[in-house]
Amino acid sequence: MTAQTTDLSTNWTLAELQKLHDSPLMELLYRAATVHRQHHDPNEVQVSSLVSIKTGGCPEDCGYCPQAARYHTDIEENALMSVEQVKAAAERAKGLGSSRLCMGAAWRNVRDDDEFGQVLELVRTVNGLDMEVCATLGMLTPNQADRLAAAGLYAYNHNLDSSEEYYKEVISTRGYQDRLETIGNARKAGLTVCSGGIIGMGETVDDRLKMLLTLASLDPVPESVPVNALVAVEGTPLEDQQPVNIFEMVRMIAVTRIVLPTTTVRLSAGRTEMSPEGQALCFFAGAGSIFAGDKLLTTPNPEAFADMELFAALGLRPTAAYAKGERPVPTEDPGPPGEKQRVRWSRPGHKIERNEAKRH
Ligand code: SF4
């Protein structure tokens with residue numbers, strides 16, 4: 001295989017992705033690195049921070065998540081963080097080199113209540129600090145997406161997690177199509193989209209590739225795709241999963257890079273299991289972002305100084321905020337919807353045995 005010019009086509013087939021994924025690693029890396037430097041500065045990596053603004057007590061049954069109220073984990077439920085708390089966390093993150101702040105709430109979906117009003121205020125506050133503001137709050141109606149956009153949100157994160165088929169083996173409380181609908185609602189509101197998945201949940205390589213095909217079929221494709229390695233947390237249904245091999249991670253990042261050439265690929269959860277050399281390979285394969293801070297929502301993450309040492313050793317620079325888009329200027333809140341606009345999300349409710357076995 002020779003390094004090829006970038007293919008911006010979204011018409012990849014599963015067979016093509018399988019061939020790419022299984023090609024000799026050095027060939028795959030060379031091709032991914034070539035695509036990466038055609039569209040991105042290979043010496044820049046965005047540092048993002050994740051703040052869990054509302055932790056634990058989630059009604060969903062995601063098999064990987066310690067925040068699901070139904071599993072026995074040591075995560076305690078906390079109230080929604082105040083504007084002052086989030087502002088302090090954002091300023092701290094910015095001081096450590098982060099140009100993007102992602103705020104996560106352990107909710108099934110956003111409700112049109114006072115807490116959402118507080119989230120809108122959090123978005124306005126962090127936007128005012130000149131950081132890219134991302135939120136991950138669960139399913140989102142068109143009106144809620146509009147209100148977040150008006151508050152100055154830059155990106156909405158809503159992960160597909162895996163293929164549609166394997167999603168049903170991990171989560172029973174909501175459907176894949178609702179995920180795609182939420183992504184569509186964020187997109188229509190003018191938000192950029194962040195959506196990716198988790199590897200190491202027991203899925204096949206084909207499940208990973210099918211998820212990439214779904215992401216590549218979105219029009220436009222997501223600006224941001226996080227690739228997470230499962231952090232198997234005690235008490236969750238996936239607690240016994242073995243950590244993914246670094247080369248599986250590198251292959252997934254490389255294929256994501258080639259299939260979605262203009263997207264920022266984010267090396268996300270699971271970095272504590274990776275050596276500096278393994279992370280360097282991920283950057284070479286096209287990862288253009290890491291999450292900083294000693295926690296990723298609730299799971300461990302390398303400390304900031306270790307990240308900066310790694311950046312110095314590799315000659316990497318942190319990417320500035322809004323390097324790939326305009327900072328949204330907050331506008332007047334359009335307000336909550338009338339009764340008729342309310343959306344009802346599905347609840348498949350099929351039984352997943354390993355989830356049931358871990359219930360209280
Ligand atoms: S991943 Fe999100 S929706 Fe699923 S249980 Fe955890 S907090 Fe809830």
# chains A, B, ... in the order shown; residues from 1 in each chain; ligands from 1
>>> residues_around(residues="Val227 (chain A)", least_positions_apart="4", cutoff="10 Å", atoms="only C-alpha atoms", output="PyMOL selection string")
chain A and resi 159+161+195-199+249+252-253+256+265-270+287
>>> write_last_selection(atoms="N, CA and C atoms", output="mmCIF file, in the first residue's frame")
data_model
loop_
_atom_site.group_PDB
_atom_site.id
_atom_site.type_symbol
_atom_site.label_atom_id
_atom_site.label_comp_id
_atom_site.auth_asym_id
_atom_site.auth_seq_id
_atom_site.Cartn_x
_atom_site.Cartn_y
_atom_site.Cartn_z
ATOM 1 N N ASN A 159 -22.513 10.307 22.287
ATOM 2 C CA ASN A 159 -21.776 9.202 21.665
ATOM 3 C C ASN A 159 -22.704 8.107 21.153
ATOM 4 N N ASP A 161 -21.464 5.131 20.926
ATOM 5 C CA ASP A 161 -20.886 4.048 21.746
ATOM 6 C C ASP A 161 -20.374 2.871 20.925
ATOM 7 N N SER A 195 -19.238 13.056 18.571
ATOM 8 C CA SER A 195 -19.863 11.741 18.769
ATOM 9 C C SER A 195 -18.877 10.644 18.407
ATOM 10 N N GLY A 196 -18.697 9.715 19.316
ATOM 11 C CA GLY A 196 -17.770 8.616 19.066
ATOM 12 C C GLY A 196 -18.200 7.390 19.835
ATOM 13 N N GLY A 197 -17.218 6.642 20.329
ATOM 14 C CA GLY A 197 -17.594 5.398 20.973
ATOM 15 C C GLY A 197 -16.550 4.877 21.932
ATOM 16 N N ILE A 198 -16.811 3.648 22.373
ATOM 17 C CA ILE A 198 -15.958 2.986 23.359
ATOM 18 C C ILE A 198 -15.549 1.643 22.777
ATOM 19 N N ILE A 199 -14.260 1.339 22.840
ATOM 20 C CA ILE A 199 -13.846 0.005 22.427
ATOM 21 C C ILE A 199 -13.442 -0.784 23.667
ATOM 22 N N MET A 249 -6.216 0.055 19.897
ATOM 23 C CA MET A 249 -6.548 1.483 20.002
ATOM 24 C C MET A 249 -5.940 2.253 18.827
ATOM 25 N N MET A 252 -7.805 1.603 15.670
ATOM 26 C CA MET A 252 -9.119 2.278 15.646
ATOM 27 C C MET A 252 -8.945 3.770 15.350
ATOM 28 N N ILE A 253 -7.931 4.370 15.969
ATOM 29 C CA ILE A 253 -7.686 5.800 15.720
ATOM 30 C C ILE A 253 -7.268 6.011 14.265
ATOM 31 N N THR A 256 -10.271 5.663 11.977
ATOM 32 C CA THR A 256 -11.140 6.829 12.163
ATOM 33 C C THR A 256 -10.551 8.034 11.424
ATOM 34 N N VAL A 265 -10.004 13.782 16.000
ATOM 35 C CA VAL A 265 -10.148 12.489 16.684
ATOM 36 C C VAL A 265 -9.598 12.660 18.100
ATOM 37 N N ARG A 266 -10.410 12.302 19.075
ATOM 38 C CA ARG A 266 -10.019 12.559 20.469
ATOM 39 C C ARG A 266 -9.635 11.271 21.192
ATOM 40 N N LEU A 267 -8.412 11.239 21.650
ATOM 41 C CA LEU A 267 -7.922 10.129 22.466
ATOM 42 C C LEU A 267 -8.491 10.371 23.865
ATOM 43 N N SER A 268 -9.468 9.573 24.244
ATOM 44 C CA SER A 268 -10.271 9.935 25.423
ATOM 45 C C SER A 268 -10.021 8.989 26.582
ATOM 46 N N ALA A 269 -11.068 8.314 27.105
ATOM 47 C CA ALA A 269 -10.871 7.495 28.314
ATOM 48 C C ALA A 269 -9.909 6.340 28.059
ATOM 49 N N GLY A 270 -9.251 5.912 29.108
ATOM 50 C CA GLY A 270 -8.371 4.742 29.029
ATOM 51 C C GLY A 270 -6.905 5.102 28.910
ATOM 52 N N ALA A 287 -4.669 11.091 16.292
ATOM 53 C CA ALA A 287 -5.377 11.679 17.432
ATOM 54 C C ALA A 287 -4.955 13.140 17.562
#
>>> residues_around(residues="Ala150 (chain A)", least_positions_apart="6", cutoff="8 Å", atoms="only C-alpha atoms", output="PDB file with C-alpha atoms, in the first residue's frame")
ATOM      1  CA  VAL A 329     -21.867  34.938  20.463  1.00  0.00           C
ATOM      2  CA  PRO A 330     -24.634  34.358  23.038  1.00  0.00           C
ATOM      3  CA  THR A 331     -28.061  35.677  22.008  1.00  0.00           C
ATOM      4  CA  GLU A 332     -31.422  35.982  23.736  1.00  0.00           C
ATOM      5  CA  ASP A 333     -32.814  32.736  25.195  1.00  0.00           C
ATOM      6  CA  PRO A 334     -35.751  31.585  23.013  1.00  0.00           C
TER       7      PRO A 334
END
>>> residues_near_ligand(ligand="ligand 1", cutoff="8 Å", atoms="only C-alpha atoms and all ligand atoms", output="ChimeraX atom specification")
/A:55-69,105-108,137-138,171
>>> select_by_dssp(residues="region 64-215 of chain A", states="helix (DSSP H, G or I)", output="PyMOL selection string")
chain A and resi 83-95+114-127+142-151+164-170+176-188+205-215
>>> closest_atom_pairs(of="region 67-112 of chain A", to="region 125-133 of chain A", cutoff="8 Å", atoms="only C-alpha atoms", output="JSON lines")
{"residue": "A:Val83", "atom": "CA", "partner": "A:Thr125", "partner_atom": "CA", "distance": 7.4}
{"residue": "A:Lys87", "atom": "CA", "partner": "A:Val126", "partner_atom": "CA", "distance": 6.6}
{"residue": "A:Ala90", "atom": "CA", "partner": "A:Val126", "partner_atom": "CA", "distance": 6.8}
{"residue": "A:Glu91", "atom": "CA", "partner": "A:Leu129", "partner_atom": "CA", "distance": 7.7}
{"residue": "A:Lys94", "atom": "CA", "partner": "A:Met131", "partner_atom": "CA", "distance": 7.7}
{"residue": "A:Ser99", "atom": "CA", "partner": "A:Met131", "partner_atom": "CA", "distance": 5.2}
{"residue": "A:Arg100", "atom": "CA", "partner": "A:Glu132", "partner_atom": "CA", "distance": 4.4}
{"residue": "A:Leu101", "atom": "CA", "partner": "A:Val133", "partner_atom": "CA", "distance": 5.3}
{"residue": "A:Cys102", "atom": "CA", "partner": "A:Val133", "partner_atom": "CA", "distance": 6.1}
{"residue": "A:Met103", "atom": "CA", "partner": "A:Val133", "partner_atom": "CA", "distance": 7.8}
>>> write_last_selection(atoms="C-alpha atoms", output="CSV table (one decimal), in the first residue's frame")
chain,number,residue,atom,x,y,z
A,83,VAL,CA,-22.0,28.7,38.4
A,87,LYS,CA,-16.3,28.9,36.6
A,90,ALA,CA,-12.9,26.2,34.0
A,91,GLU,CA,-10.4,28.8,35.0
A,94,LYS,CA,-7.6,27.0,31.2
A,99,SER,CA,-9.0,25.3,25.4
A,100,ARG,CA,-12.2,23.3,25.6
A,101,LEU,CA,-14.4,22.5,28.5
A,102,CYS,CA,-16.9,19.7,28.3
A,103,MET,CA,-19.7,19.7,30.9
>>> select_by_dssp(residues="region 102-321 of chain A", states="strand (DSSP E)", output="PyMOL selection string")
chain A and resi 102-105+132-136+155-157+192-194+197-199+224-229+264-267+287-292+295-296+299-300+317-318
